[in-house]
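The next block holds one structure in the form of structure tokens; read it before the comments.
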Amino acid sequence: GAGVSQSPSNKVTEKGKDVELRCDPISGHTALYWYRQSLGQGLEFLIYFQGNSAPDKSGLPSDRFSAERTGGSVSTLTIQRTQQEDSAVYLCASSPNFLGQPQHFGDGTRLSIL
Amino acid sequence: GENVEQHPSTLSVQEGDSAVIKCTYSDSASNYFPWYKQELGKGPQLIIDIRSNVGEKKDQRIAVTLNKTAKHFSLHITETQPEDSAVYFCAARINTGNQFYFGTGTSLTVIP
């Protein structure tokens, strides 16, 4: 079946511009996560959505970062006034809403800020 | 919250040898431990997982062991092949939520 889909796969933009990254989770998965991965580094948690509950935004690094999930499915991560330190791979994952089930990751969006 | 530590950060082995990666966790409420393999330019892919009610799980050349008392779990890859070269991440999830906590990754190189 279809996996987690992220778009675009690559994004190059100038410092100060806003960017939107999209994630299509696996159908039926109620949990959706965003992570940031800098070059050669681990996974930095950003935000987590679970069904209709209020999202866990505890990992967002600044108020320039926001995310929404419409209709419990597609999610958009928005970065306003991008800075060079925002350059990274942004990964999305989804999982079913039962304990003991893994996350399934997309291949990420590689964001480069010039 | 949970804290997951992973060692070593880099590992090189000769083809055919075994590789072992170790992780420790801090919260005794963690009850689910997946392992992911990440190849260059790709997202992490689940390779094996273990739940806290078992001590070991095996899938062909890959095995995971869990010691709940010591709060550590390990990934074992036997008869390594060049295609096993990748970055491996361990993770833990607490039984009260859906948040995953990741280790910092191990870059495995299998030398032909």
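Residues in the structure tokens are named by chain (A, B, ... in the order shown) and by number from 1 within that chain; ligands are numbered from 1 in the order shown.
Near chain B, counting only C-alpha atoms at 7 Å, the chain A residues are Gln41, Gly42, Leu43, Gly100, Pro102, Phe105, Gly106, Asp107 and Gly108 of chain A.
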Could you save those same residues with N, CA and C atoms as a PDB file, in the first residue's frame?
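What follows is the written file selection.pdb:
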```pdb
ATOM      1  N   GLN A  41      22.950  14.162  11.804  1.00  0.00           N
ATOM      2  CA  GLN A  41      22.447  14.191  13.180  1.00  0.00           C
ATOM      3  C   GLN A  41      21.240  13.282  13.368  1.00  0.00           C
ATOM      4  N   GLY A  42      20.762  13.221  14.599  1.00  0.00           N
ATOM      5  CA  GLY A  42      19.589  12.412  14.915  1.00  0.00           C
ATOM      6  C   GLY A  42      18.296  13.135  14.604  1.00  0.00           C
ATOM      7  N   LEU A  43      17.212  12.601  15.116  1.00  0.00           N
ATOM      8  CA  LEU A  43      15.877  13.124  14.854  1.00  0.00           C
ATOM      9  C   LEU A  43      15.455  14.069  15.972  1.00  0.00           C
ATOM     10  N   GLY A 100       2.194   0.103  20.948  1.00  0.00           N
ATOM     11  CA  GLY A 100       2.992  -0.976  20.388  1.00  0.00           C
ATOM     12  C   GLY A 100       3.000  -1.033  18.883  1.00  0.00           C
ATOM     13  N   PRO A 102       4.560   0.846  15.343  1.00  0.00           N
ATOM     14  CA  PRO A 102       5.659   1.718  14.963  1.00  0.00           C
ATOM     15  C   PRO A 102       5.205   2.919  14.147  1.00  0.00           C
ATOM     16  N   PHE A 105       7.813   6.351   8.276  1.00  0.00           N
ATOM     17  CA  PHE A 105       8.364   7.631   7.846  1.00  0.00           C
ATOM     18  C   PHE A 105       8.253   7.839   6.338  1.00  0.00           C
ATOM     19  N   GLY A 106       8.114   9.112   5.960  1.00  0.00           N
ATOM     20  CA  GLY A 106       8.318   9.498   4.578  1.00  0.00           C
ATOM     21  C   GLY A 106       9.807   9.705   4.324  1.00  0.00           C
ATOM     22  N   ASP A 107      10.148  10.047   3.084  1.00  0.00           N
ATOM     23  CA  ASP A 107      11.551  10.249   2.743  1.00  0.00           C
ATOM     24  C   ASP A 107      12.028  11.677   2.998  1.00  0.00           C
ATOM     25  N   GLY A 108      11.140  12.519   3.478  1.00  0.00           N
ATOM     26  CA  GLY A 108      11.563  13.838   3.915  1.00  0.00           C
ATOM     27  C   GLY A 108      11.586  14.901   2.835  1.00  0.00           C
TER      28      GLY A 108
END
```
Exercise. Apply DSSP to the structure's backbone, then extract all residues of chain A labelled strand (DSSP E) and return them as a count of residues only.
Key: 52
Practice problem: Pick out the residues sitting within 7 Å of range 29-36 of chain A, and hand them over as a PyMOL selection string; count only C-alpha atoms, and ignore anything fewer than 5 positions along from it in its own chain. | Solution: chain A and resi 43-51+72+88-97
Selection above as a file: C-alpha atoms, as a CSV table (one decimal), in the first residue's frame:
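Saved result, out-v6.csv, follows:
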```
chain,number,residue,atom,x,y,z
A,43,LEU,CA,15.9,13.1,14.9
A,44,GLU,CA,14.7,16.3,16.6
A,45,PHE,CA,11.0,16.1,17.5
A,46,LEU,CA,9.0,19.1,16.4
A,47,ILE,CA,5.2,18.5,16.7
A,48,TYR,CA,2.8,15.6,17.1
A,49,PHE,CA,-0.9,15.3,16.2
A,50,GLN,CA,-3.2,12.7,17.6
A,51,GLY,CA,-6.8,12.5,16.1
A,72,GLY,CA,-7.3,14.5,10.4
A,88,ALA,CA,17.8,20.5,7.3
A,89,VAL,CA,15.7,17.5,6.2
A,90,TYR,CA,12.2,17.6,7.6
A,91,LEU,CA,10.7,14.2,8.2
A,92,CYS,CA,7.1,13.2,8.6
A,93,ALA,CA,5.8,10.0,10.2
A,94,SER,CA,2.4,8.5,10.9
A,95,SER,CA,1.3,5.6,13.1
A,96,PRO,CA,-2.0,3.9,14.1
A,97,ASN,CA,-3.6,4.8,17.3
```
Practice problem: Tell me which protein, DNA and RNA residues are within 9 Å of Phe73 in chain B, counting only C-alpha atoms, leaving out same-chain ones fewer than 3 positions away, and put them as number ranges by chain. | Solution: B: 21-25, 33, 64-68, 70, 90
I need the residues in chain A that are helix (DSSP H, G or I) according to DSSP; give them as a tab-separated table (two decimals) with all heavy atoms, in the first residue's frame.
```tsv
chain	number	residue	atom	x	y	z
A	70	THR	N	-5.31	19.15	8.61
A	70	THR	CA	-6.68	19.38	8.20
A	70	THR	C	-7.41	18.05	8.01
A	70	THR	O	-6.89	17.13	7.38
A	70	THR	CB	-6.74	20.18	6.90
A	70	THR	OG1	-5.94	19.52	5.91
A	70	THR	CG2	-6.18	21.58	7.12
A	71	GLY	N	-8.61	17.98	8.57
A	71	GLY	CA	-9.44	16.79	8.39
A	71	GLY	C	-8.83	15.52	8.92
A	71	GLY	O	-9.21	14.43	8.51
A	72	GLY	N	-7.89	15.66	9.84
A	72	GLY	CA	-7.27	14.48	10.41
A	72	GLY	C	-6.39	13.71	9.46
A	72	GLY	O	-6.01	12.57	9.74
A	84	GLN	N	19.11	30.61	7.87
A	84	GLN	CA	20.01	29.59	7.35
A	84	GLN	C	20.06	28.36	8.27
A	84	GLN	O	20.22	27.24	7.78
A	84	GLN	CB	21.41	30.17	7.14
A	84	GLN	CG	21.47	31.11	5.94
A	84	GLN	CD	22.88	31.56	5.59
A	84	GLN	OE1	23.73	31.69	6.46
A	84	GLN	NE2	23.11	31.79	4.31
A	85	GLU	N	19.89	28.58	9.56
A	85	GLU	CA	19.93	27.43	10.48
A	85	GLU	C	18.70	26.54	10.36
A	85	GLU	O	18.65	25.45	10.96
A	85	GLU	CB	20.07	27.91	11.94
A	85	GLU	CG	18.95	28.79	12.43
A	85	GLU	CD	19.30	30.27	12.35
A	85	GLU	OE1	20.09	30.64	11.46
A	85	GLU	OE2	18.76	31.03	13.18
A	86	ASP	N	17.72	26.96	9.56
A	86	ASP	CA	16.56	26.10	9.31
A	86	ASP	C	16.87	25.03	8.27
A	86	ASP	O	16.07	24.10	8.06
A	86	ASP	CB	15.36	26.93	8.83
A	86	ASP	CG	14.91	27.97	9.83
A	86	ASP	OD1	15.14	27.76	11.05
A	86	ASP	OD2	14.33	28.99	9.41
```
